[in-house]
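Reproduced below: run07.cif, with mmCIF, C-alpha atoms.
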data_work
#
loop_
_atom_site.group_PDB
_atom_site.id
_atom_site.type_symbol
_atom_site.label_atom_id
_atom_site.label_comp_id
_atom_site.auth_asym_id
_atom_site.auth_seq_id
_atom_site.Cartn_x
_atom_site.Cartn_y
_atom_site.Cartn_z
ATOM 1 C CA MET H 1 22.518 5.978 -12.515
ATOM 2 C CA ASN H 2 23.208 7.853 -15.695
ATOM 3 C CA GLY H 3 24.354 11.463 -15.617
ATOM 4 C CA THR H 4 20.847 12.908 -15.773
ATOM 5 C CA VAL H 5 19.846 11.744 -12.277
ATOM 6 C CA LEU H 6 22.070 11.737 -9.204
ATOM 7 C CA SER H 7 21.766 8.637 -7.034
ATOM 8 C CA ARG H 8 20.706 10.673 -4.001
ATOM 9 C CA VAL H 9 17.952 12.320 -6.074
ATOM 10 C CA ALA H 10 16.848 8.946 -7.442
ATOM 11 C CA GLU H 11 16.543 7.615 -3.898
ATOM 12 C CA ARG H 12 14.485 10.590 -2.780
ATOM 13 C CA VAL H 13 12.122 10.305 -5.735
ATOM 14 C CA TYR H 14 11.739 6.543 -5.245
ATOM 15 C CA TRP H 15 10.779 6.938 -1.590
ATOM 16 C CA LEU H 16 8.496 9.835 -2.442
ATOM 17 C CA GLY H 17 6.570 7.416 -4.652
ATOM 18 C CA ARG H 18 6.466 4.754 -1.944
ATOM 19 C CA TYR H 19 5.342 7.164 0.780
ATOM 20 C CA LEU H 20 2.587 8.653 -1.387
ATOM 21 C CA GLU H 21 1.225 5.185 -2.067
ATOM 22 C CA ARG H 22 1.547 4.178 1.586
ATOM 23 C CA THR H 23 -0.280 7.284 2.804
ATOM 24 C CA ASP H 24 -3.342 6.608 0.664
ATOM 25 C CA ALA H 25 -3.318 2.851 1.364
ATOM 26 C CA THR H 26 -3.148 3.268 5.149
ATOM 27 C CA ALA H 27 -5.891 5.895 5.204
ATOM 28 C CA ARG H 28 -8.071 3.648 3.052
ATOM 29 C CA LEU H 29 -7.440 0.592 5.258
ATOM 30 C CA ILE H 30 -8.635 2.419 8.373
ATOM 31 C CA GLU H 31 -11.789 3.623 6.639
ATOM 32 C CA VAL H 32 -12.634 0.267 5.069
ATOM 33 C CA ASN H 33 -12.116 -1.568 8.354
ATOM 34 C CA ALA H 34 -14.335 0.886 10.237
ATOM 35 C CA ASN H 35 -17.108 0.400 7.695
ATOM 36 C CA LEU H 36 -16.747 -3.390 7.837
ATOM 37 C CA ILE H 37 -17.030 -3.507 11.624
ATOM 38 C CA MET H 38 -20.172 -1.356 11.515
ATOM 39 C CA ASP H 39 -21.693 -3.904 9.118
ATOM 40 C CA LEU H 40 -20.946 -6.856 11.418
ATOM 41 C CA PRO H 41 -22.504 -7.804 14.779
ATOM 42 C CA ALA H 42 -20.393 -7.059 17.843
ATOM 43 C CA ARG H 43 -20.106 -10.772 18.614
ATOM 44 C CA VAL H 44 -18.210 -11.453 15.370
ATOM 45 C CA PRO H 45 -14.477 -11.971 16.207
ATOM 46 C CA LEU H 46 -13.104 -9.471 13.732
ATOM 47 C CA GLY H 47 -11.604 -6.258 15.043
ATOM 48 C CA TRP H 48 -8.719 -3.850 14.568
ATOM 49 C CA ARG H 49 -5.702 -6.093 15.107
ATOM 50 C CA PRO H 50 -5.622 -7.164 11.422
ATOM 51 C CA LEU H 51 -4.614 -3.625 10.432
ATOM 52 C CA ILE H 52 -1.513 -3.902 12.598
ATOM 53 C CA ASP H 53 -0.702 -7.216 10.921
ATOM 54 C CA ILE H 54 -1.321 -5.861 7.413
ATOM 55 C CA THR H 55 1.159 -3.038 7.950
ATOM 56 C CA GLY H 56 3.704 -5.438 9.437
ATOM 57 C CA SER H 57 4.068 -3.351 12.588
ATOM 58 C CA SER H 58 3.046 -5.748 15.374
ATOM 59 C CA ALA H 59 6.434 -5.517 17.100
ATOM 60 C CA VAL H 60 6.365 -1.696 17.051
ATOM 61 C CA PHE H 61 2.776 -1.609 18.382
ATOM 62 C CA ASP H 62 3.593 -3.991 21.228
ATOM 63 C CA GLU H 63 6.718 -2.013 22.095
ATOM 64 C CA LEU H 64 4.897 1.315 22.206
ATOM 65 C CA TYR H 65 1.644 0.210 23.819
ATOM 66 C CA GLY H 66 2.766 -2.873 25.707
ATOM 67 C CA PRO H 67 2.229 -6.543 24.812
ATOM 68 C CA GLU H 68 -0.940 -6.644 26.912
ATOM 69 C CA ALA H 69 -2.494 -3.555 25.304
ATOM 70 C CA GLU H 70 -5.835 -4.079 23.610
ATOM 71 C CA ALA H 71 -5.800 -3.576 19.834
ATOM 72 C CA ASN H 72 -9.065 -1.647 19.910
ATOM 73 C CA GLU H 73 -10.225 1.125 17.608
ATOM 74 C CA HIS H 74 -8.757 3.919 19.723
ATOM 75 C CA ASN H 75 -5.290 2.396 20.065
ATOM 76 C CA VAL H 76 -4.967 1.104 16.507
ATOM 77 C CA CYS H 77 -6.216 4.290 14.860
ATOM 78 C CA ARG H 78 -3.923 6.390 17.026
ATOM 79 C CA PHE H 79 -0.983 4.102 16.212
ATOM 80 C CA LEU H 80 -1.607 4.041 12.453
ATOM 81 C CA ALA H 81 -2.741 7.627 11.975
ATOM 82 C CA THR H 82 -1.363 10.117 14.501
ATOM 83 C CA ASP H 83 1.305 8.491 16.684
ATOM 84 C CA ALA H 84 4.585 10.297 15.979
ATOM 85 C CA ARG H 85 6.454 7.439 17.685
ATOM 86 C CA ASN H 86 5.372 5.017 14.955
ATOM 87 C CA PRO H 87 7.598 5.474 11.873
ATOM 88 C CA GLY H 88 4.811 4.082 9.682
ATOM 89 C CA SER H 89 1.966 6.281 10.931
ATOM 90 C CA ILE H 90 0.173 8.438 8.402
ATOM 91 C CA ILE H 91 1.531 11.601 10.030
ATOM 92 C CA ASN H 92 5.129 10.390 9.796
ATOM 93 C CA THR H 93 4.637 9.065 6.273
ATOM 94 C CA ILE H 94 3.377 12.477 5.157
ATOM 95 C CA VAL H 95 6.408 14.060 6.804
ATOM 96 C CA GLY H 96 8.478 11.699 4.641
ATOM 97 C CA VAL H 97 6.501 12.738 1.571
ATOM 98 C CA ARG H 98 7.122 16.417 2.240
ATOM 99 C CA GLU H 99 10.791 15.986 3.132
ATOM 100 C CA ASN H 100 11.601 13.957 0.027
ATOM 101 C CA ALA H 101 9.616 16.342 -2.166
ATOM 102 C CA ARG H 102 11.553 19.278 -0.704
ATOM 103 C CA HIS H 103 14.839 17.717 -1.772
ATOM 104 C CA VAL H 104 13.720 16.998 -5.349
ATOM 105 C CA ARG H 105 11.428 19.972 -5.976
ATOM 106 C CA GLU H 106 13.554 21.067 -8.961
ATOM 107 C CA THR H 107 12.508 17.890 -10.819
ATOM 108 C CA MET H 108 8.806 18.857 -10.774
ATOM 109 C CA PRO H 109 6.673 21.827 -11.801
ATOM 110 C CA ARG H 110 7.261 24.659 -9.347
ATOM 111 C CA VAL H 111 3.689 24.687 -8.016
ATOM 112 C CA THR H 112 3.910 21.011 -7.028
ATOM 113 C CA PHE H 113 5.563 21.657 -3.675
ATOM 114 C CA GLU H 114 2.624 23.866 -2.690
ATOM 115 C CA TYR H 115 0.398 20.805 -3.089
ATOM 116 C CA PHE H 116 2.761 18.679 -0.994
ATOM 117 C CA ASN H 117 2.776 21.386 1.654
ATOM 118 C CA ASP H 118 -1.018 21.564 1.573
ATOM 119 C CA LEU H 119 -1.201 17.800 2.212
ATOM 120 C CA TYR H 120 1.169 18.169 5.162
ATOM 121 C CA LEU H 121 -0.628 21.148 6.707
ATOM 122 C CA PHE H 122 -4.056 19.564 6.225
ATOM 123 C CA ALA H 123 -2.955 16.325 7.904
ATOM 124 C CA ARG H 124 -1.411 18.183 10.835
ATOM 125 C CA SER H 125 -4.582 20.178 11.470
ATOM 126 C CA ALA H 126 -7.317 17.670 10.562
ATOM 127 C CA LEU H 127 -5.889 14.392 11.847
ATOM 128 C CA VAL H 128 -5.538 14.474 15.629
ATOM 129 C CA ALA H 129 -5.588 11.830 18.335
ATOM 130 C CA GLY H 130 -8.850 11.050 20.092
ATOM 131 C CA GLN H 131 -11.170 12.596 17.508
ATOM 132 C CA SER H 132 -14.617 11.211 16.785
ATOM 133 C CA ARG H 133 -15.134 8.562 14.134
ATOM 134 C CA SER H 134 -16.861 11.048 11.805
ATOM 135 C CA ARG H 135 -14.085 13.634 12.164
ATOM 136 C CA ARG H 136 -11.465 10.950 11.584
ATOM 137 C CA SER H 137 -13.317 9.801 8.493
ATOM 138 C CA GLU H 138 -13.387 13.349 7.088
ATOM 139 C CA ALA H 139 -9.665 13.774 7.768
ATOM 140 C CA LEU H 140 -8.706 10.463 6.170
ATOM 141 C CA GLU H 141 -10.842 11.148 3.125
ATOM 142 C CA GLY H 142 -9.235 14.573 2.775
ATOM 143 C CA ILE H 143 -5.778 13.001 2.939
ATOM 144 C CA SER H 144 -6.667 10.341 0.358
ATOM 145 C CA GLN H 145 -8.114 12.953 -1.988
ATOM 146 C CA ARG H 146 -4.994 15.086 -1.761
ATOM 147 C CA THR H 147 -2.629 12.178 -2.393
ATOM 148 C CA ARG H 148 -4.622 11.055 -5.418
ATOM 149 C CA GLN H 149 -4.768 14.600 -6.765
ATOM 150 C CA LEU H 150 -1.010 14.901 -6.315
ATOM 151 C CA GLU H 151 -0.378 11.692 -8.214
ATOM 152 C CA GLY H 152 -2.728 12.803 -10.980
ATOM 153 C CA PHE H 153 -1.065 16.210 -11.204
ATOM 154 C CA LEU H 154 2.385 14.645 -11.418
ATOM 155 C CA SER H 155 1.224 12.202 -14.084
ATOM 156 C CA GLN H 156 -0.154 15.005 -16.206
ATOM 157 C CA ASN H 157 2.534 17.633 -15.666
ATOM 158 C CA MET H 158 5.834 16.122 -14.543
ATOM 159 C CA LEU H 159 8.391 15.418 -17.251
ATOM 160 C CA HIS H 160 8.269 11.677 -17.939
ATOM 161 C CA ASP H 161 12.006 11.140 -17.700
ATOM 162 C CA ALA H 162 14.146 9.020 -15.361
ATOM 163 C CA HIS H 163 12.796 10.901 -12.341
ATOM 164 C CA TRP H 164 9.264 9.922 -13.297
ATOM 165 C CA ASP H 165 10.268 6.299 -13.855
ATOM 166 C CA MET H 166 11.857 6.174 -10.409
ATOM 167 C CA LEU H 167 8.748 7.714 -8.835
ATOM 168 C CA ARG H 168 6.575 5.071 -10.490
ATOM 169 C CA LEU H 169 8.937 2.330 -9.349
ATOM 170 C CA GLY H 170 8.283 3.446 -5.786
ATOM 171 C CA ASN H 171 4.525 3.525 -6.392
ATOM 172 C CA TYR H 172 4.388 0.029 -7.840
ATOM 173 C CA ILE H 173 6.739 -1.614 -5.335
ATOM 174 C CA GLU H 174 4.713 -0.231 -2.418
ATOM 175 C CA ARG H 175 1.425 -1.138 -4.088
ATOM 176 C CA ALA H 176 2.505 -4.731 -4.791
ATOM 177 C CA ASP H 177 3.642 -5.147 -1.190
ATOM 178 C CA MET H 178 0.393 -3.731 0.225
ATOM 179 C CA THR H 179 -1.747 -5.842 -2.128
ATOM 180 C CA THR H 180 -0.186 -9.070 -0.888
ATOM 181 C CA ARG H 181 -0.429 -7.971 2.756
ATOM 182 C CA ILE H 182 -4.142 -7.157 2.517
ATOM 183 C CA ILE H 183 -4.958 -10.473 0.848
ATOM 184 C CA ASP H 184 -2.850 -12.431 3.321
ATOM 185 C CA VAL H 185 -4.275 -10.975 6.530
ATOM 186 C CA ARG H 186 -7.860 -10.679 5.363
ATOM 187 C CA SER H 187 -7.902 -14.234 4.034
ATOM 188 C CA ALA H 188 -6.662 -15.381 7.441
ATOM 189 C CA ASP H 189 -9.846 -13.963 8.921
ATOM 190 C CA LEU H 190 -11.996 -15.349 6.148
ATOM 191 C CA PHE H 191 -10.561 -18.854 6.235
ATOM 192 C CA ALA H 192 -10.014 -19.191 9.971
ATOM 193 C CA GLY H 193 -12.998 -21.498 10.377
ATOM 194 C CA HIS H 194 -14.945 -19.316 12.799
ATOM 195 C CA HIS H 195 -18.508 -20.511 12.565
ATOM 196 C CA GLU H 196 -19.613 -17.013 13.626
ATOM 197 C CA LEU H 197 -18.211 -15.627 10.371
ATOM 198 C CA GLU H 198 -19.932 -17.997 7.985
ATOM 199 C CA PRO H 199 -23.124 -15.903 7.512
ATOM 200 C CA PHE H 200 -20.963 -12.856 6.775
ATOM 201 C CA GLN H 201 -18.486 -14.319 4.269
ATOM 202 C CA HIS H 202 -19.766 -12.205 1.397
ATOM 203 C CA ILE H 203 -19.630 -8.990 3.429
ATOM 204 C CA GLN H 204 -15.976 -9.669 4.196
ATOM 205 C CA TRP H 205 -15.088 -10.482 0.593
ATOM 206 C CA PHE H 206 -16.830 -7.287 -0.484
ATOM 207 C CA THR H 207 -14.574 -5.487 1.990
ATOM 208 C CA VAL H 208 -11.469 -7.072 0.485
ATOM 209 C CA LEU H 209 -12.502 -5.759 -2.929
ATOM 210 C CA ARG H 210 -13.358 -2.331 -1.523
ATOM 211 C CA SER H 211 -9.868 -2.157 -0.029
ATOM 212 C CA PHE H 212 -8.661 -2.000 -3.640
ATOM 213 C CA TYR H 213 -11.482 0.194 -4.997
ATOM 214 C CA ALA H 214 -12.244 -2.887 -7.077
ATOM 215 C CA MET H 215 -15.879 -3.827 -6.476
ATOM 216 C CA GLN H 216 -17.255 -2.465 -9.750
ATOM 217 C CA SER H 217 -14.153 -3.601 -11.611
ATOM 218 C CA TYR H 218 -14.653 -7.147 -10.333
ATOM 219 C CA TYR H 219 -18.199 -7.332 -11.665
ATOM 220 C CA ALA H 220 -17.191 -5.768 -14.973
ATOM 221 C CA SER H 221 -14.254 -8.135 -15.435
ATOM 222 C CA VAL H 222 -15.328 -11.424 -13.851
ATOM 223 C CA ARG H 223 -19.085 -11.167 -14.477
ATOM 224 C CA GLU H 224 -19.751 -13.630 -11.665
ATOM 225 C CA ALA H 225 -20.929 -13.437 -8.073
ATOM 226 C CA VAL H 226 -18.281 -12.729 -5.452
ATOM 227 C CA GLU H 227 -16.585 -16.049 -4.719
ATOM 228 C CA PRO H 228 -13.203 -16.584 -2.969
ATOM 229 C CA PRO H 229 -11.406 -18.387 -5.855
ATOM 230 C CA LEU H 230 -12.507 -15.769 -8.376
ATOM 231 C CA VAL H 231 -11.573 -12.867 -6.089
ATOM 232 C CA LEU H 232 -8.082 -14.276 -5.527
ATOM 233 C CA GLU H 233 -7.572 -14.820 -9.250
ATOM 234 C CA PHE H 234 -8.786 -11.292 -9.955
ATOM 235 C CA LEU H 235 -6.595 -9.573 -7.348
ATOM 236 C CA PHE H 236 -3.473 -11.513 -8.223
ATOM 237 C CA LYS H 237 -3.640 -11.963 -11.981
ATOM 238 C CA ASP H 238 -5.954 -9.499 -13.731
ATOM 239 C CA GLU H 239 -3.598 -7.249 -15.708
ATOM 240 C CA ARG H 240 -6.339 -4.649 -16.194
ATOM 241 C CA LEU H 241 -6.758 -4.025 -12.454
ATOM 242 C CA PRO H 242 -4.351 -1.230 -11.407
ATOM 243 C CA ARG H 243 -3.753 -2.746 -7.961
ATOM 244 C CA SER H 244 -3.456 -6.400 -8.935
ATOM 245 C CA TYR H 245 -0.139 -8.024 -8.105
ATOM 246 C CA LEU H 246 0.534 -8.877 -11.755
ATOM 247 C CA ARG H 247 -0.246 -5.317 -12.898
ATOM 248 C CA CYS H 248 2.157 -3.953 -10.282
ATOM 249 C CA LEU H 249 4.921 -6.238 -11.533
ATOM 250 C CA GLY H 250 4.176 -5.071 -15.067
ATOM 251 C CA GLY H 251 4.439 -1.456 -13.965
ATOM 252 C CA VAL H 252 7.811 -2.138 -12.355
ATOM 253 C CA GLN H 253 9.033 -3.746 -15.569
ATOM 254 C CA ARG H 254 7.854 -0.846 -17.737
ATOM 255 C CA SER H 255 9.658 1.684 -15.560
ATOM 256 C CA LEU H 256 12.837 -0.384 -15.370
ATOM 257 C CA ARG H 257 13.028 -0.710 -19.163
ATOM 258 C CA GLU H 258 13.374 3.078 -19.357
ATOM 259 C CA LEU H 259 16.322 3.103 -16.955
ATOM 260 C CA PRO H 260 19.976 2.143 -17.546
ATOM 261 C CA ARG H 261 21.620 -0.899 -15.944
ATOM 262 C CA SER H 262 18.249 -2.490 -15.223
ATOM 263 C CA ASP H 263 18.979 -6.057 -16.390
ATOM 264 C CA GLU H 264 19.335 -7.545 -12.919
ATOM 265 C CA ALA H 265 16.171 -5.874 -11.607
ATOM 266 C CA LEU H 266 14.266 -6.906 -14.730
ATOM 267 C CA ASP H 267 15.387 -10.490 -14.235
ATOM 268 C CA ALA H 268 14.135 -10.456 -10.638
ATOM 269 C CA CYS H 269 10.830 -8.976 -11.744
ATOM 270 C CA GLY H 270 10.510 -11.508 -14.564
ATOM 271 C CA ARG H 271 11.027 -14.400 -12.166
ATOM 272 C CA ALA H 272 8.295 -13.055 -9.906
ATOM 273 C CA ALA H 273 5.873 -12.727 -12.840
ATOM 274 C CA GLU H 274 6.657 -16.245 -14.088
ATOM 275 C CA ALA H 275 6.072 -17.725 -10.625
ATOM 276 C CA LEU H 276 2.732 -15.943 -10.422
ATOM 277 C CA GLN H 277 1.595 -17.083 -13.858
ATOM 278 C CA ALA H 278 2.513 -20.682 -13.010
ATOM 279 C CA ALA H 279 0.543 -20.676 -9.746
ATOM 280 C CA ASP H 280 -3.009 -22.054 -9.592
ATOM 281 C CA VAL H 281 -4.287 -19.227 -7.411
ATOM 282 C CA GLN H 282 -7.920 -20.335 -7.437
ATOM 283 C CA ARG H 283 -6.957 -23.684 -5.934
ATOM 284 C CA LEU H 284 -5.555 -21.873 -2.905
ATOM 285 C CA ALA H 285 -8.976 -20.547 -1.872
ATOM 286 C CA GLY H 286 -10.449 -22.513 1.012
ATOM 287 C CA SER H 287 -9.729 -23.170 4.666
ATOM 288 C CA GLU H 288 -7.976 -26.445 3.861
ATOM 289 C CA ASN H 289 -5.441 -24.549 1.719
ATOM 290 C CA ARG H 290 -4.821 -21.681 4.133
ATOM 291 C CA ALA H 291 -1.207 -22.711 4.807
ATOM 292 C CA ALA H 292 -0.488 -23.067 1.091
ATOM 293 C CA LEU H 293 -1.994 -19.652 0.364
ATOM 294 C CA HIS H 294 0.077 -18.043 3.108
ATOM 295 C CA ALA H 295 3.227 -19.712 1.791
ATOM 296 C CA PHE H 296 2.467 -18.493 -1.747
ATOM 297 C CA ILE H 297 1.866 -14.935 -0.554
ATOM 298 C CA ASP H 298 5.062 -15.081 1.475
ATOM 299 C CA THR H 299 6.907 -16.007 -1.719
ATOM 300 C CA CYS H 300 5.327 -13.027 -3.503
ATOM 301 C CA GLN H 301 6.406 -10.665 -0.723
ATOM 302 C CA GLN H 302 9.943 -12.028 -0.790
ATOM 303 C CA ALA H 303 10.017 -11.430 -4.553
ATOM 304 C CA VAL H 304 8.986 -7.791 -4.076
ATOM 305 C CA ALA H 305 11.647 -7.365 -1.400
ATOM 306 C CA ALA H 306 14.251 -8.867 -3.734
ATOM 307 C CA ILE H 307 13.319 -6.430 -6.509
ATOM 308 C CA HIS H 308 13.577 -3.537 -4.047
ATOM 309 C CA ASP H 309 17.018 -4.716 -2.912
ATOM 310 C CA VAL H 310 18.299 -4.834 -6.488
ATOM 311 C CA ILE H 311 16.957 -1.339 -7.167
ATOM 312 C CA VAL H 312 18.742 -0.034 -4.058
ATOM 313 C CA GLU H 313 22.028 -1.718 -4.988
ATOM 314 C CA THR H 314 21.863 -0.557 -8.602
ATOM 315 C CA TYR H 315 20.688 3.026 -8.353
ATOM 316 C CA PHE H 316 21.115 4.453 -4.861
ATOM 317 C CA ASP H 317 23.983 5.609 -2.712
ATOM 318 C CA THR H 318 23.872 2.744 -0.232
ATOM 319 C CA ALA H 319 26.297 4.512 2.105
ATOM 320 C CA LEU H 320 23.844 7.429 2.301
ATOM 321 C CA GLU H 321 20.984 5.008 2.954
ATOM 322 C CA ALA H 322 22.951 3.397 5.790
ATOM 323 C CA ARG H 323 23.589 6.770 7.394
ATOM 324 C CA GLN H 324 19.897 7.682 7.134
ATOM 325 C CA ALA H 325 18.836 4.370 8.683
ATOM 326 C CA ALA H 326 21.300 4.844 11.535
ATOM 327 C CA SER H 327 19.977 8.314 12.261
#
What is this file in structure tokens?
Amino acid sequence: MNGTVLSRVAERVYWLGRYLERTDATARLIEVNANLIMDLPARVPLGWRPLIDITGSSAVFDELYGPEAEANEHNVCRFLATDARNPGSIINTIVGVRENARHVRETMPRVTFEYFNDLYLFARSALVAGQSRSRRSEALEGISQRTRQLEGFLSQNMLHDAHWDMLRLGNYIERADMTTRIIDVRSADLFAGHHELEPFQHIQWFTVLRSFYAMQSYYASVREAVEPPLVLEFLFKDERLPRSYLRCLGGVQRSLRELPRSDEALDACGRAAEALQAADVQRLAGSENRAALHAFIDTCQQAVAAIHDVIVETYFDTALEARQAAS
């Protein structure tokens, strides 16, 4: 990077942005799934395993709990929220937030680290294994509120320089990845052809939108009833929706344009946006197109991974990253 930001600082800020986004998204996924299951009859074949798939941690779950372990509410919520053995659990992600913030605290207003520390201490005390559903809900909501307040505080008070652009890169890369994962796994449930699910299709699509805080936005933008083709078009291509895939790509591009040596990353991001614009997303809605939709989403995820790789190669100390991964 240029002389104003050391590569090791850039890497810390980037991952701070990713971990903040991941913390809120994981907490929200658990809450939304719990509410969905309460709205559905017990006989409906839709449980907690999809959350493991969304986070891409099936192999880790099976290793820790055993391949025969039931992916029930207790096991999945423990794994995703409080299990210190899971690198992607909320507790460990918040540790990552705090650790990265500690290393780059001089780039932010002095009081900011107190807010990061408050998030960490709250999570450690409020989020514990084996707690009741209501206590878990209160803890997750408290975590989500604190992460959103942190992001709002940083937006309003942090100097919008290269550090800020790197933080936002992390936010948008993580958000784009999570958006595609939620759509992919949830559409697998919706389009799986279970006749038991047919009476509840709208409840499930409402849940998909709620996963993005997008129910009211959908009605305001689309002005139609909730239908699978329209929901897919909205979540992938509506530039006004903060969590749409296209809006995330646009956010990545805006941040990259403020950074030096960004041509290669901008090219990768531009290719991803062009592929999205050329795709007939609405046509992919329907059980007969499930394989095509999965293939398209897989392409989107590969594009996000490619952008991330270019960012790492361009701006970070890859030798440092290798040492951290090894440790």
Discussion item. When the PyMOL selection byres ((chain H and resi 271) around 12) is applied to the structure above, which residues does it catch, written out as a PyMOL selection string?
Written reply: chain H and resi 246+249-250+253+264-270+272-278+299-300+302-304+306-307
Fill in: Close residues, Ser155 in chain H itself excluded, 9 Å, all atoms listed in the file, min 5 positions apart in chain, as a PyMOL selection string
chain H and resi 150+160+164
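For the pair CA of Asp24 in chain H and CA of Gly66 in chain H, the separation is 27.5 Å.
CA of Thr207 in chain H lies 18.4 Å from CA of Asp238 in chain H.
Computed from the coordinates, the CA of Arg135 in chain H to CA of Ser89 in chain H distance equals 17.7 Å.
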With 5 Å of padding per side, what axis-aligned box (centre and edge lengths, Å, one decimal) covers all the listed atoms of range 63-72 of chain H? Give it as lines of an AutoDock Vina configuration file.
center_x = -1.2
center_y = -2.7
center_z = 23.4
size_x = 25.8
size_y = 18.0
size_z = 17.1
Item to complete: Using only C-alpha atoms, pick whichever of H:Ala295, H:Val32, H:Ala71, H:Ala126 has the shortest atom-to-atom distance to Thr180 in chain H.
Response: H:Ala295
Practice prompt. For the structure shown, which residues end up in the PyMOL selection byres ((chain H and resi 256) around 12)? Put them as JSON, numbers by chain, please?
Written response: {"H": [1, 161, 162, 163, 164, 165, 166, 167, 168, 169, 170, 172, 173, 249, 250, 251, 252, 253, 254, 255, 257, 258, 259, 260, 261, 262, 263, 264, 265, 266, 267, 268, 269, 270, 307, 308, 310, 311, 314, 315]}
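If all atoms listed in the file are the atoms counted, then among H:Leu140, H:Leu64, H:Leu293, H:Leu29 the closest residue to Ile91 in chain H is H:Leu140.
Residue selection for this entry, given the PyMOL selection byres ((chain H and resi 108) around 10), comprises Ala101, Val104, Arg105, Glu106, Thr107, Pro109, Arg110, Val111, Thr112, Phe113, Leu154, Asn157, Met158, Leu159, His163 and Trp164 of chain H.
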Discussion item. Distance cut-off 7 Å, centre (-15.8, 2.2, 16.9) in file coordinates, counting only C-alpha atoms: which residues qualify? Return them as a ChimeraX atom specification.
Written reply: /H:34,73,133
Would you write out those residues with C-alpha atoms, as a compact mmCIF listing (two decimals), in the frame of the given file?
# COMPACT_ATOMS: atom_id res chain seq x y z
CA ALA H 34 -14.34 0.89 10.24
CA GLU H 73 -10.22 1.12 17.61
CA ARG H 133 -15.13 8.56 14.13
Discussion item. Calculated over all atoms listed in the file, which of the candidates H:Ile94, H:Ser244, H:Pro67, H:Glu239 has the smallest distance to Tyr213 in chain H?
Written reply: H:Ser244
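Of the residues under consideration (H:Arg186, H:His294, H:Arg78, H:Arg12), H:Arg78 shows the shortest atom-to-atom contact distance to Ser132 in chain H when counting only C-alpha atoms.
Each of H:Gln301, H:Asn117, H:Gln131, H:Asn35 was compared to Gly56 in chain H using all atoms listed in the file, and H:Gln301 turns out to be the nearest.
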Practice prompt. For Tyr219 in chain H, work out the shell of residues within 12 Å, counting only C-alpha atoms and skipping chain neighbours fewer than 4 positions away, then give it as number ranges by chain.
Written response: H: 206, 209, 214-215, 223-227, 230-231, 234, 241
Item to complete: Show which residues sit within 8 Å of Arg243 in chain H, as a PyMOL selection string. Count only C-alpha atoms, and ignore same-chain residues fewer than 6 positions away.
Response: chain H and resi 175-176+179+212+235
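Among H:Ile54, H:Ala139, H:Val97, H:Ala285, the residue with the shortest atom-to-atom distance to Val13 in chain H, counting only C-alpha atoms, is H:Val97.
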